[in-house]
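S.K.: protein-v2.txt (compact mmCIF, C-alpha atoms and all ligand atoms) pasted underneath:
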```txt
# COMPACT_ATOMS: atom_id res chain seq x y z
CA MET K 24 62.09 227.67 -94.58
CA ASN K 25 63.15 224.12 -95.45
CA ARG K 26 60.89 221.28 -94.36
CA PHE K 27 61.55 217.67 -93.38
CA CYS K 28 59.70 214.43 -92.80
CA PHE K 29 60.69 211.47 -90.65
CA VAL K 30 59.36 207.93 -90.96
CA ILE K 31 58.23 206.43 -87.64
CA HIS K 32 56.81 203.07 -86.65
CA PRO K 33 55.65 201.50 -83.36
CA LEU K 34 58.40 199.67 -81.46
CA SER K 35 56.00 197.64 -79.32
CA PHE K 36 52.32 197.02 -78.54
CA ASP K 37 52.67 199.62 -75.74
CA ASP K 38 53.64 202.16 -78.37
CA ILE K 39 50.51 201.36 -80.39
CA ALA K 40 48.28 201.79 -77.33
CA ARG K 41 49.98 205.11 -76.49
CA TYR K 42 49.22 206.51 -79.94
CA GLU K 43 45.85 204.82 -80.41
CA PRO K 44 44.08 204.36 -77.04
CA GLY K 45 41.35 202.40 -78.87
CA ALA K 46 43.91 199.64 -79.40
CA LYS K 47 44.13 198.93 -75.63
CA GLY K 48 42.74 195.54 -74.74
CA LYS K 49 42.77 194.28 -78.33
CA GLY K 50 44.67 191.04 -78.86
CA GLU K 51 48.20 191.24 -80.24
CA ALA K 52 47.33 188.94 -83.16
CA ILE K 53 44.47 191.26 -84.23
CA LEU K 54 46.66 194.36 -83.96
CA ARG K 55 49.37 192.68 -86.00
CA LYS K 56 46.81 191.80 -88.68
CA ILE K 57 45.37 195.36 -88.73
CA MET K 58 48.87 196.74 -89.24
CA GLU K 59 49.53 194.41 -92.13
CA TRP K 60 46.77 196.25 -94.01
CA MET K 61 47.20 199.75 -92.62
CA PRO K 62 48.60 202.25 -95.13
CA SER K 63 51.27 204.83 -94.23
CA TYR K 64 49.86 208.11 -92.88
CA ALA K 65 50.97 211.53 -91.59
CA ALA K 66 50.87 211.19 -87.79
CA VAL K 67 52.59 214.24 -86.30
CA HIS K 68 53.16 217.88 -87.32
CA VAL K 69 56.40 219.28 -85.87
CA THR K 70 56.68 223.05 -85.43
CA GLY K 71 58.70 225.52 -83.36
CA VAL K 72 62.20 224.15 -84.10
CA ARG K 73 64.26 227.34 -84.12
CA THR K 74 68.03 227.87 -83.96
CA PRO K 75 69.55 230.55 -81.68
CA ASP K 76 70.29 232.63 -84.84
CA GLY K 77 66.64 232.48 -85.95
CA ARG K 78 66.56 229.69 -88.56
CA GLU K 79 63.40 227.58 -88.49
CA THR K 80 62.12 224.30 -89.84
CA GLU K 81 58.87 222.40 -89.66
CA GLY K 82 58.09 218.84 -90.59
CA TRP K 83 55.99 215.73 -90.27
CA PHE K 84 56.43 212.33 -88.71
CA VAL K 85 54.85 209.94 -91.17
CA ALA K 86 53.98 206.48 -89.86
CA ALA K 87 54.78 203.27 -91.72
CA PRO K 88 52.78 201.33 -89.13
CA LEU K 89 54.61 198.03 -88.78
CA LEU K 90 56.27 196.48 -85.70
CA PRO K 91 60.04 195.77 -85.73
CA GLN K 92 59.44 192.06 -86.22
CA GLN K 93 57.16 192.75 -89.20
CA LEU K 94 59.71 195.10 -90.78
CA VAL K 95 62.29 192.33 -90.55
CA GLU K 96 60.03 189.47 -91.65
CA PHE K 97 57.91 191.08 -94.41
CA PRO K 98 59.14 190.74 -98.01
CA ARG K 99 61.79 193.42 -98.41
CA GLU K 100 60.10 194.95 -101.50
CA GLU K 101 56.85 195.37 -99.56
CA VAL K 102 58.68 197.16 -96.73
CA TYR K 103 60.52 199.41 -99.20
CA ARG K 104 57.17 200.22 -100.89
CA ARG K 105 55.57 201.23 -97.57
CA VAL K 106 58.52 203.33 -96.42
CA VAL K 107 58.78 205.10 -99.80
CA ARG K 108 55.01 205.74 -99.67
CA ALA K 109 55.47 207.34 -96.22
CA ILE K 110 58.17 209.62 -97.65
CA GLU K 111 55.95 210.50 -100.63
CA ILE K 112 53.25 211.62 -98.16
CA GLY K 113 55.86 213.79 -96.42
CA ALA K 114 57.00 215.24 -99.76
CA GLU K 115 53.37 216.00 -100.74
CA LEU K 116 53.10 217.99 -97.48
CA GLY K 117 56.22 219.98 -98.46
CA ALA K 118 59.17 218.03 -97.00
CA GLN K 119 62.47 218.40 -98.89
CA VAL K 120 64.53 215.88 -96.90
CA ALA K 121 63.48 212.63 -95.17
CA GLY K 122 64.80 210.66 -92.20
CA LEU K 123 64.32 206.98 -91.42
CA GLY K 124 63.31 205.99 -87.86
CA ALA K 125 64.42 202.83 -86.03
CA PHE K 126 63.91 199.66 -88.14
CA THR K 127 62.98 201.55 -91.34
CA ALA K 128 66.70 202.48 -91.43
CA VAL K 129 67.82 198.92 -90.81
CA VAL K 130 65.90 197.02 -93.51
CA GLY K 131 67.99 195.76 -96.43
CA ASP K 132 70.85 198.08 -97.38
CA ALA K 133 70.21 200.72 -94.65
CA GLY K 134 68.54 203.42 -96.72
CA ILE K 135 70.39 203.16 -100.06
CA THR K 136 67.53 201.62 -102.08
CA ILE K 137 64.91 203.73 -100.31
CA ASN K 138 66.87 206.86 -101.22
CA GLU K 139 67.05 205.77 -104.87
CA ARG K 140 63.26 205.34 -104.98
CA SER K 141 62.36 208.39 -102.89
CA PRO K 142 61.24 211.72 -104.42
CA ILE K 143 63.43 213.60 -101.88
CA PRO K 144 66.89 212.89 -100.35
CA VAL K 145 66.93 210.41 -97.49
CA THR K 146 69.16 210.05 -94.40
CA THR K 147 69.14 207.30 -91.78
CA GLY K 148 70.11 209.84 -89.11
CA ASN K 149 72.76 207.42 -87.90
CA SER K 150 75.69 209.91 -87.98
CA LEU K 151 74.23 211.98 -85.15
CA THR K 152 73.05 208.83 -83.33
CA ILE K 153 76.67 207.59 -83.32
CA ALA K 154 78.03 210.93 -82.08
CA ALA K 155 75.37 211.15 -79.35
CA GLY K 156 75.84 207.52 -78.31
CA VAL K 157 79.61 207.76 -77.88
CA ALA K 158 79.33 211.10 -76.06
CA SER K 159 76.68 209.60 -73.74
CA LEU K 160 78.84 206.58 -72.95
CA PHE K 161 81.81 208.73 -71.92
CA ARG K 162 79.59 211.19 -70.02
CA GLY K 163 78.26 208.20 -68.06
CA ALA K 164 81.82 206.97 -67.42
CA HIS K 165 82.79 210.41 -66.12
CA GLU K 166 79.73 210.55 -63.82
CA MET K 167 80.52 207.08 -62.44
CA GLY K 168 84.23 207.82 -62.00
CA VAL K 169 85.22 205.13 -64.49
CA ASP K 170 88.55 205.79 -66.22
CA PRO K 171 88.09 204.77 -69.88
CA SER K 172 91.83 204.49 -70.48
CA ALA K 173 91.98 201.66 -67.91
CA SER K 174 88.74 200.02 -69.05
CA THR K 175 87.44 197.30 -71.33
CA ALA K 176 84.63 198.42 -73.63
CA VAL K 177 82.19 196.07 -75.35
CA VAL K 178 80.26 197.09 -78.47
CA ILE K 179 77.29 194.82 -79.17
CA GLY K 180 76.10 195.06 -82.77
CA ALA K 181 79.66 195.89 -83.80
CA THR K 182 79.27 195.01 -87.49
CA GLY K 183 76.23 197.28 -87.86
CA SER K 184 75.90 200.77 -89.28
CA ILE K 185 75.92 202.37 -85.82
CA GLY K 186 78.00 199.81 -83.87
CA SER K 187 80.94 199.75 -86.30
CA ALA K 188 81.42 203.52 -86.22
CA CYS K 189 80.91 203.64 -82.43
CA ALA K 190 83.64 201.00 -82.03
CA ARG K 191 86.04 203.09 -84.13
CA LEU K 192 85.34 206.18 -81.99
CA ILE K 193 85.58 204.33 -78.67
CA ALA K 194 88.79 202.36 -79.39
CA PRO K 195 91.27 205.28 -79.10
CA LYS K 196 90.01 206.06 -75.58
CA VAL K 197 90.00 202.63 -73.90
CA ALA K 198 92.53 199.96 -72.91
CA ARG K 199 90.71 197.11 -74.63
CA ILE K 200 87.68 196.70 -76.86
CA VAL K 201 85.56 193.62 -77.53
CA LEU K 202 83.33 193.47 -80.62
CA VAL K 203 80.12 191.42 -80.50
CA ALA K 204 77.63 190.30 -83.18
CA ARG K 205 76.01 186.96 -84.16
CA ASN K 206 77.39 186.38 -87.67
CA GLU K 207 80.91 185.16 -86.91
CA THR K 208 82.29 185.38 -90.44
CA ARG K 209 81.22 188.99 -90.86
CA LEU K 210 82.51 189.77 -87.37
CA ARG K 211 85.90 188.15 -87.99
CA ASN K 212 86.32 190.03 -91.27
CA PHE K 213 85.34 193.32 -89.66
CA HIS K 214 87.66 192.70 -86.70
CA ARG K 215 90.65 191.95 -88.98
CA GLN K 216 90.29 195.34 -90.66
CA PHE K 217 89.42 197.11 -87.37
CA ALA K 218 92.40 195.71 -85.42
CA ALA K 219 94.77 197.05 -88.07
CA GLU K 220 93.39 200.58 -87.61
CA ILE K 221 93.45 200.87 -83.80
CA SER K 222 96.14 200.85 -81.14
CA CYS K 223 94.36 199.29 -78.13
CA ASP K 224 93.91 195.54 -77.53
CA SER K 225 90.88 194.08 -79.26
CA GLU K 226 89.03 190.83 -79.70
CA TYR K 227 85.68 189.62 -80.98
CA THR K 228 83.08 187.12 -79.82
CA THR K 229 79.55 186.03 -80.66
CA ASP K 230 78.89 185.51 -76.93
CA ALA K 231 77.46 188.83 -75.74
CA ARG K 232 76.89 187.63 -72.17
CA ARG K 233 80.48 186.51 -71.71
CA ALA K 234 81.78 189.78 -73.17
CA VAL K 235 79.62 191.88 -70.85
CA ARG K 236 80.92 190.00 -67.78
CA GLY K 237 84.38 191.51 -68.36
CA ALA K 238 83.48 195.10 -69.33
CA GLU K 239 83.33 198.39 -67.44
CA LEU K 240 81.81 200.10 -70.51
CA VAL K 241 79.09 198.63 -72.77
CA LEU K 242 77.44 200.14 -75.84
CA THR K 243 74.59 198.29 -77.54
CA ALA K 244 73.29 198.96 -81.05
CA THR K 245 71.66 195.76 -82.25
CA THR K 246 68.51 194.91 -84.16
CA SER K 247 67.57 192.25 -81.64
CA THR K 248 63.90 192.07 -80.65
CA HIS K 249 64.75 190.33 -77.37
CA ASP K 250 66.98 191.24 -74.38
CA VAL K 251 70.72 190.99 -75.03
CA VAL K 252 72.17 192.49 -71.82
CA GLU K 253 71.08 190.63 -68.68
CA ALA K 254 71.15 191.82 -65.06
CA GLU K 255 73.28 188.90 -63.87
CA ASP K 256 76.18 189.65 -66.20
CA LEU K 257 77.07 193.27 -65.52
CA LEU K 258 80.13 194.24 -63.47
CA PRO K 259 79.50 196.44 -60.42
CA GLY K 260 79.83 200.08 -61.53
CA ALA K 261 79.47 199.24 -65.23
CA VAL K 262 78.18 201.94 -67.59
CA VAL K 263 75.82 200.75 -70.32
CA CYS K 264 74.85 203.04 -73.18
CA GLU K 265 71.88 201.73 -75.10
CA LEU K 266 71.14 202.92 -78.62
CA SER K 267 68.99 200.01 -79.76
CA LEU K 268 65.29 200.59 -80.39
CA PRO K 269 63.60 198.45 -79.23
CA HIS K 270 65.80 198.13 -76.14
CA ASP K 271 68.53 195.51 -75.65
CA VAL K 272 68.97 195.93 -71.91
CA SER K 273 66.67 193.74 -69.83
CA ARG K 274 64.16 195.81 -67.81
CA ARG K 275 65.19 193.60 -64.86
CA VAL K 276 68.44 195.60 -64.67
CA ALA K 277 66.42 198.56 -63.32
CA GLN K 278 65.22 196.53 -60.32
CA ARG K 279 68.12 194.17 -59.72
CA ARG K 280 71.24 196.19 -60.43
CA PRO K 281 71.23 199.46 -58.45
CA ASP K 282 75.02 199.39 -58.89
CA VAL K 283 75.15 199.90 -62.69
CA LEU K 284 74.37 202.96 -64.79
CA VAL K 285 72.22 202.41 -67.88
CA ILE K 286 71.74 205.36 -70.23
CA GLU K 287 69.56 205.73 -73.34
CA GLY K 288 72.25 207.25 -75.50
CA GLY K 289 70.49 208.74 -78.51
CA ASN K 290 68.43 211.63 -77.14
CA MET K 291 68.95 215.28 -78.09
CA LEU K 292 67.55 218.57 -76.77
CA VAL K 293 65.92 220.43 -79.68
CA PRO K 294 66.39 224.24 -79.88
CA GLY K 295 63.43 226.65 -79.86
CA ASN K 296 60.04 225.61 -78.62
CA PRO K 297 59.37 222.40 -80.49
CA ARG K 298 55.83 221.07 -80.61
CA PHE K 299 54.85 217.57 -81.72
CA GLU K 300 51.15 217.83 -82.57
CA ARG K 301 49.00 214.92 -83.66
CA VAL K 302 47.71 215.41 -87.20
CA ARG K 303 44.35 213.68 -86.67
CA GLU K 304 43.57 215.31 -83.31
CA ARG K 305 44.71 218.91 -83.77
CA GLY K 306 45.72 220.59 -80.51
CA THR K 307 46.78 217.26 -78.95
CA ASP K 308 50.45 216.49 -78.38
CA PHE K 309 52.07 213.31 -79.63
CA ASP K 310 53.69 211.39 -76.78
CA LEU K 311 57.25 210.59 -77.87
CA ASN K 312 57.81 208.99 -74.46
CA LEU K 313 60.61 211.55 -73.91
CA PRO K 314 60.84 214.74 -71.82
CA PRO K 315 59.73 218.07 -73.37
CA ARG K 316 61.94 219.51 -76.14
CA THR K 317 63.64 216.12 -76.58
CA ALA K 318 63.90 214.07 -79.77
CA LEU K 319 65.89 211.07 -80.92
CA ALA K 320 69.27 211.83 -82.49
CA CYS K 321 68.17 210.39 -85.85
CA MET K 322 65.15 212.75 -85.90
CA SER K 323 67.46 215.59 -84.88
CA GLU K 324 69.86 214.85 -87.77
CA THR K 325 66.96 215.19 -90.21
CA MET K 326 65.89 218.51 -88.66
CA ILE K 327 69.49 219.79 -88.76
CA LEU K 328 69.84 218.97 -92.49
CA ALA K 329 66.68 221.02 -93.14
CA LEU K 330 67.92 223.90 -90.96
CA GLU K 331 71.33 223.92 -92.64
CA GLY K 332 69.85 223.64 -96.15
CA ARG K 333 71.79 220.39 -96.66
CA LEU K 334 69.02 218.70 -98.65
CA GLU K 335 71.08 215.60 -99.45
CA PRO K 336 71.26 211.88 -98.60
CA TYR K 337 73.62 212.60 -95.72
CA THR K 338 73.93 209.19 -94.02
CA LEU K 339 73.23 205.95 -95.89
CA GLY K 340 74.34 202.32 -95.71
CA ARG K 341 76.77 200.56 -93.38
CA GLY K 342 80.35 201.83 -93.13
CA ILE K 343 79.74 205.47 -92.16
CA LYS K 344 82.71 207.78 -92.57
CA LEU K 345 84.01 209.33 -89.36
CA GLU K 346 84.25 212.76 -91.06
CA ARG K 347 80.45 212.73 -91.49
CA ILE K 348 80.03 212.19 -87.75
CA VAL K 349 82.35 215.05 -86.86
CA GLU K 350 80.58 217.33 -89.37
CA ILE K 351 77.05 216.57 -88.13
CA GLU K 352 78.20 217.18 -84.55
CA GLU K 353 79.45 220.61 -85.63
CA MET K 354 76.21 221.35 -87.48
CA ALA K 355 74.21 220.22 -84.42
CA GLU K 356 76.15 222.63 -82.24
CA SER K 357 75.72 225.51 -84.67
CA CYS K 358 71.96 224.85 -84.76
CA GLY K 359 71.73 224.77 -80.94
CA PHE K 360 71.08 221.02 -80.50
CA GLU K 361 72.58 219.50 -77.32
CA LEU K 362 72.88 216.08 -75.78
CA ALA K 363 69.74 215.63 -73.66
CA GLY K 364 69.90 214.96 -69.92
CA MET K 365 70.67 211.35 -68.99
CA ARG K 366 67.71 209.00 -68.94
CA ALA K 367 66.89 205.31 -68.71
CA PHE K 368 63.91 203.04 -68.06
CA ASP K 369 61.51 205.95 -68.78
CA ALA K 370 62.98 208.17 -66.06
CA ALA K 371 65.55 210.95 -65.72
CA ILE K 372 68.92 210.10 -64.14
CA THR K 373 69.33 212.69 -61.41
CA PRO K 374 72.58 213.59 -59.56
CA GLU K 375 71.10 211.77 -56.53
CA LYS K 376 70.57 208.66 -58.65
CA ILE K 377 74.21 208.83 -59.84
CA ALA K 378 75.45 209.19 -56.23
CA ALA K 379 73.32 206.21 -55.14
CA THR K 380 74.60 204.13 -58.07
CA ARG K 381 78.22 204.95 -57.22
CA GLU K 382 77.65 203.99 -53.58
CA ALA K 383 75.96 200.72 -54.55
CA ALA K 384 78.82 199.96 -56.97
CA ALA K 385 81.43 200.59 -54.26
CA ARG K 386 79.50 198.27 -51.89
CA SER K 387 79.17 195.55 -54.54
CA THR K 388 82.86 195.76 -55.43
CA PHE K 389 83.83 195.55 -51.74
CA LEU K 390 81.65 192.48 -51.16
CA LEU K 391 82.83 190.91 -54.37
CA THR K 392 86.44 191.27 -53.32
CA GLU K 393 85.74 190.14 -49.75
CA ARG K 394 83.74 187.08 -50.66
CA SER K 395 84.85 186.65 -54.26
CA GLY K 396 81.19 185.79 -54.93
CA ILE K 397 78.31 187.33 -56.85
CA PRO K 398 77.96 191.13 -56.48
CA SER K 399 75.49 192.06 -53.74
CA GLY K 400 73.19 193.91 -56.20
CA VAL K 401 72.41 190.66 -57.99
CA GLU K 402 69.61 188.83 -56.28
CA GLY K 403 67.09 186.23 -57.23
N1 LIG K 501 68.50 206.03 -80.57
C1 LIG K 501 68.42 206.47 -81.84
O1 LIG K 501 68.28 207.67 -82.12
C2 LIG K 501 68.56 205.48 -82.95
C3 LIG K 501 68.71 205.92 -84.26
C4 LIG K 501 68.85 205.01 -85.26
C5 LIG K 501 68.84 203.64 -84.99
N2 LIG K 501 68.66 203.20 -83.72
C6 LIG K 501 68.66 201.76 -83.39
O2 LIG K 501 70.00 201.28 -83.40
C7 LIG K 501 70.01 199.87 -83.63
C8 LIG K 501 71.08 199.48 -84.65
O3 LIG K 501 70.82 200.09 -85.90
P1 LIG K 501 71.81 199.88 -87.14
O4 LIG K 501 71.31 200.80 -88.20
O5 LIG K 501 73.22 199.98 -86.72
O6 LIG K 501 71.47 198.35 -87.54
P2 LIG K 501 72.35 197.34 -88.43
O7 LIG K 501 73.27 198.07 -89.34
O8 LIG K 501 71.39 196.37 -89.03
O9 LIG K 501 73.26 196.58 -87.34
C9 LIG K 501 72.74 195.73 -86.37
C10 LIG K 501 73.88 195.03 -85.66
O10 LIG K 501 73.36 194.26 -84.58
C11 LIG K 501 73.85 192.90 -84.67
N3 LIG K 501 72.87 192.06 -84.00
C12 LIG K 501 71.57 191.86 -84.32
N4 LIG K 501 70.97 191.07 -83.42
C13 LIG K 501 71.91 190.77 -82.48
C14 LIG K 501 71.91 190.00 -81.28
N5 LIG K 501 70.81 189.34 -80.87
N6 LIG K 501 73.05 189.93 -80.56
C15 LIG K 501 74.17 190.56 -80.95
N7 LIG K 501 74.24 191.32 -82.09
C16 LIG K 501 73.12 191.40 -82.83
C17 LIG K 501 74.04 192.70 -86.18
O11 LIG K 501 74.95 191.68 -86.52
P3 LIG K 501 74.47 190.13 -86.62
O12 LIG K 501 73.26 190.11 -87.48
O13 LIG K 501 75.66 189.43 -87.17
O14 LIG K 501 74.18 189.72 -85.23
C18 LIG K 501 74.68 194.05 -86.54
O15 LIG K 501 76.02 194.07 -86.13
C19 LIG K 501 68.57 199.52 -84.03
O16 LIG K 501 67.91 198.98 -82.89
C20 LIG K 501 67.95 200.85 -84.39
O17 LIG K 501 66.53 200.88 -84.20
C21 LIG K 501 68.55 204.10 -82.70
```
Produce structure tokens that represent the structure in this file.
M.R.:
Amino acid sequence: MNRFCFVIHPLSFDDIARYEPGAKGKGEAILRKIMEWMPSYAAVHVTGVRTPDGRETEGWFVAAPLLPQQLVEFPREEVYRRVVRAIEIGAELGAQVAGLGAFTAVVGDAGITINERSPIPVTTGNSLTIAAGVASLFRGAHEMGVDPSASTAVVIGATGSIGSACARLIAPKVARIVLVARNETRLRNFHRQFAAEISCDSEYTTDARRAVRGAELVLTATTSTHDVVEAEDLLPGAVVCELSLPHDVSRRVAQRRPDVLVIEGGNMLVPGNPRFERVRERGTDFDLNLPPRTALACMSETMILALEGRLEPYTLGRGIKLERIVEIEEMAESCGFELAGMRAFDAAITPEKIAATREAAARSTFLLTERSGIPSGVEG
């Protein structure tokens, strides 16, 4: 049996309190300080991942306990040192391939240097995240009755590792695509190359809010640590697929926009009977804040590489080849991984919820046309 490890880190203070109840009530400044000094450690033992044809893997989630902001702001060498140390701990436990969670995959050159310094091959897991994100966006469009071929799609974070590949996969299926990021020079250069490869209309802008106001389909994959998609800007009936961790979509959308569908796009159903057990408190499950048997796509890619015996640095850097994405999707299928049920704002999206969203969207569109004002779902 091949084994894997996956580097995790808290995305928020809520995450810290979920893993370490003793942290509740402690000031954020103190927690931040504690984490500055906290070494990497094995947090979770993963067992029970089993393909329909009987292949198995086990692994460990090893924590490099820093918040997103700290991973961005700390000296890059220090972050590399901590992430490589986390992988070394995984390798000492028997892992033969390593995955990078959330911001540990974003720092610097997106895994290339970490792979060079790691004792075992490293993947960011982004190939499967891209495949899952694009599939989730179009599943959402189908559920909402949105015709992609007549729609404008916006990709926020379009020059990134995930966003750039998502844009390439979305473009052939939509009427128009708008690319968004903050660095205009990089965006312009990317768009020039991108526009030459695709057949639909395209443009780029650094103004995410303006772009969202004209889009039926939105996919976000940024490294922002604040909200990027606001409740006031979304079209009635819009479908928003969110890959960013931490989230880009304002939590206010859940309360104020019953007429839009937001989906967390990167979740996969893991085959077998997976168990995520805390290393320190044996017999206690680790709360991934996801339904049972569900893992992030980047975690799933790492598990799949172990199951398939592909002990190699599968996805690294920015500029991921589309063939890689197609291949990992095929491997995922052969290992019995599936797109997880739709979910957003910590809750499942039921058929009833979809029906209610469609009704609210139809009402908002009607009122918008009648009054040519603000959609009725947008209040206060
Ligand atoms: N769900 C999953 O399974 C999963 C797996 C892996 C990664 N992720 C998440 O996916 C996200 C993207 O990862 P990545 O590897 O693609 O990162 P990346 O390569 O660093 O790309 C980030 C992109 O976001 C843009 N950006 C950053 N802040 C922005 C803002 N405020 N407004 C608009 N654009 C902004 C960046 O361009 P500018 O700097 O020019 O703005 C860049 O285009 C991260 O949040 C990561 O944690 C999720």
S.K.: Counting all atoms listed in the file, what residues are within 7 Å of ligand LIG 501 (chain K), given as a VMD selection string?
M.R.: chain K and resid 124 to 126 128 to 129 133 147 to 149 152 179 to 186 203 to 207 209 to 210 231 244 to 247 251 266 to 269 288 to 290 319 to 321 341
S.K.: Residues at most 7 Å from Leu202 in chain K, counting all atoms listed in the file, excluding those fewer than 4 positions away in the same chain, as a PyMOL selection string?
M.R.: chain K and resi 177-179+181+226-228
S.K.: With only C-alpha atoms as the basis for distance, which of K:Arg274, K:His214, K:Lys47, K:Arg316 is at the shortest distance from Val293 in chain K?
M.R.: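 Result for the nearest residue to Val293 in chain K: K:Arg316.
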S.K.: Which one is closest to Leu240 in chain K: K:Ala385, K:Ala254, K:Leu284, K:Ala218? Count all atoms listed in the file.
M.R.: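 Closest residue, counting all atoms listed in the file: K:Leu284.
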S.K.: Could you check the closest approach to Met322 in chain K for each of K:Val120, K:Val95, K:Arg105, K:Asp76 and tell me which residue wins, using only C-alpha atoms?
M.R.: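 Checking each of K:Val120, K:Val95, K:Arg105, K:Asp76 against Met322 in chain K, counting only C-alpha atoms, the winner is K:Val120.
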S.K.: Could you check how far CA of Gln93 in chain K sits from CA of Arg55 in chain K, in Å to one decimal?
M.R.: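 Distance between the two atoms: 8.4 Å.
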S.K.: So what do you get for CA of Ser225 in chain K versus CA of Ile200 in chain K, distance-wise?
M.R.: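 These atoms are spaced 4.8 Å apart.
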S.K.: Considering all atoms listed in the file, tabulate each residue of range 260-287 of chain K that lies at most 8 Å from range 359-382 of chain K along with its nearest interatomic pair and the corresponding distance in Å to one decimal; arrange the rows by chain and ascending residue number and present them as a tab-separated table.
M.R.:
```
residue	atom	partner	partner_atom	distance
K:Gly260	CA	K:Arg381	CA	6.7
K:Arg274	CA	K:Phe368	CA	7.2
K:Ala277	CA	K:Phe368	CA	7.0
K:Pro281	CA	K:Thr380	CA	5.8
K:Asp282	CA	K:Thr380	CA	4.8
K:Val283	CA	K:Thr380	CA	6.3
K:Leu284	CA	K:Thr380	CA	6.8
K:Val285	CA	K:Ala367	CA	6.1
K:Ile286	CA	K:Ala367	CA	5.1
K:Glu287	CA	K:Ala367	CA	5.4
```
S.K.: Which distance in Å separates CA of Ser387 in chain K and CA of His270 in chain K, to one decimal?
M.R.: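 Straight-line distance from CA of Ser387 in chain K to CA of His270 in chain K works out to 25.5 Å.
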S.K.: Considering all atoms listed in the file, can you say which of K:Val69, K:Ala46, K:Met24, K:Ile110 comes closest to Leu311 in chain K?
M.R.: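 Smallest separation from Leu311 in chain K among the options: K:Val69.
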S.K.: Can you put N, CA and C atoms back into range 346-358 of chain K and show it as a PDB file, in the frame of the given file?
M.R.:
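Result saved to out-v9.pdb:
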```pdb
ATOM      1  N   GLU K 346      84.339 211.318 -90.776  1.00  0.00           N
ATOM      2  CA  GLU K 346      84.250 212.760 -91.060  1.00  0.00           C
ATOM      3  C   GLU K 346      82.791 213.243 -91.031  1.00  0.00           C
ATOM      4  N   ARG K 347      81.883 212.387 -91.492  1.00  0.00           N
ATOM      5  CA  ARG K 347      80.450 212.730 -91.490  1.00  0.00           C
ATOM      6  C   ARG K 347      79.967 212.975 -90.051  1.00  0.00           C
ATOM      7  N   ILE K 348      80.494 212.123 -89.143  1.00  0.00           N
ATOM      8  CA  ILE K 348      80.030 212.190 -87.750  1.00  0.00           C
ATOM      9  C   ILE K 348      80.530 213.489 -87.108  1.00  0.00           C
ATOM     10  N   VAL K 349      81.786 213.810 -87.404  1.00  0.00           N
ATOM     11  CA  VAL K 349      82.350 215.050 -86.860  1.00  0.00           C
ATOM     12  C   VAL K 349      81.574 216.245 -87.423  1.00  0.00           C
ATOM     13  N   GLU K 350      81.275 216.193 -88.736  1.00  0.00           N
ATOM     14  CA  GLU K 350      80.580 217.330 -89.370  1.00  0.00           C
ATOM     15  C   GLU K 350      79.171 217.516 -88.810  1.00  0.00           C
ATOM     16  N   ILE K 351      78.429 216.400 -88.628  1.00  0.00           N
ATOM     17  CA  ILE K 351      77.050 216.570 -88.130  1.00  0.00           C
ATOM     18  C   ILE K 351      77.065 217.068 -86.692  1.00  0.00           C
ATOM     19  N   GLU K 352      78.085 216.662 -85.930  1.00  0.00           N
ATOM     20  CA  GLU K 352      78.200 217.180 -84.550  1.00  0.00           C
ATOM     21  C   GLU K 352      78.395 218.702 -84.577  1.00  0.00           C
ATOM     22  N   GLU K 353      79.234 219.162 -85.520  1.00  0.00           N
ATOM     23  CA  GLU K 353      79.450 220.610 -85.630  1.00  0.00           C
ATOM     24  C   GLU K 353      78.175 221.327 -86.052  1.00  0.00           C
ATOM     25  N   MET K 354      77.458 220.719 -87.030  1.00  0.00           N
ATOM     26  CA  MET K 354      76.210 221.350 -87.480  1.00  0.00           C
ATOM     27  C   MET K 354      75.186 221.376 -86.344  1.00  0.00           C
ATOM     28  N   ALA K 355      75.164 220.284 -85.552  1.00  0.00           N
ATOM     29  CA  ALA K 355      74.210 220.220 -84.420  1.00  0.00           C
ATOM     30  C   ALA K 355      74.496 221.368 -83.453  1.00  0.00           C
ATOM     31  N   GLU K 356      75.781 221.566 -83.181  1.00  0.00           N
ATOM     32  CA  GLU K 356      76.150 222.630 -82.240  1.00  0.00           C
ATOM     33  C   GLU K 356      75.752 223.995 -82.806  1.00  0.00           C
ATOM     34  N   SER K 357      76.026 224.201 -84.087  1.00  0.00           N
ATOM     35  CA  SER K 357      75.720 225.510 -84.670  1.00  0.00           C
ATOM     36  C   SER K 357      74.206 225.751 -84.719  1.00  0.00           C
ATOM     37  N   CYS K 358      73.423 224.690 -84.749  1.00  0.00           N
ATOM     38  CA  CYS K 358      71.960 224.850 -84.760  1.00  0.00           C
ATOM     39  C   CYS K 358      71.377 224.874 -83.344  1.00  0.00           C
TER      40      CYS K 358
END
```
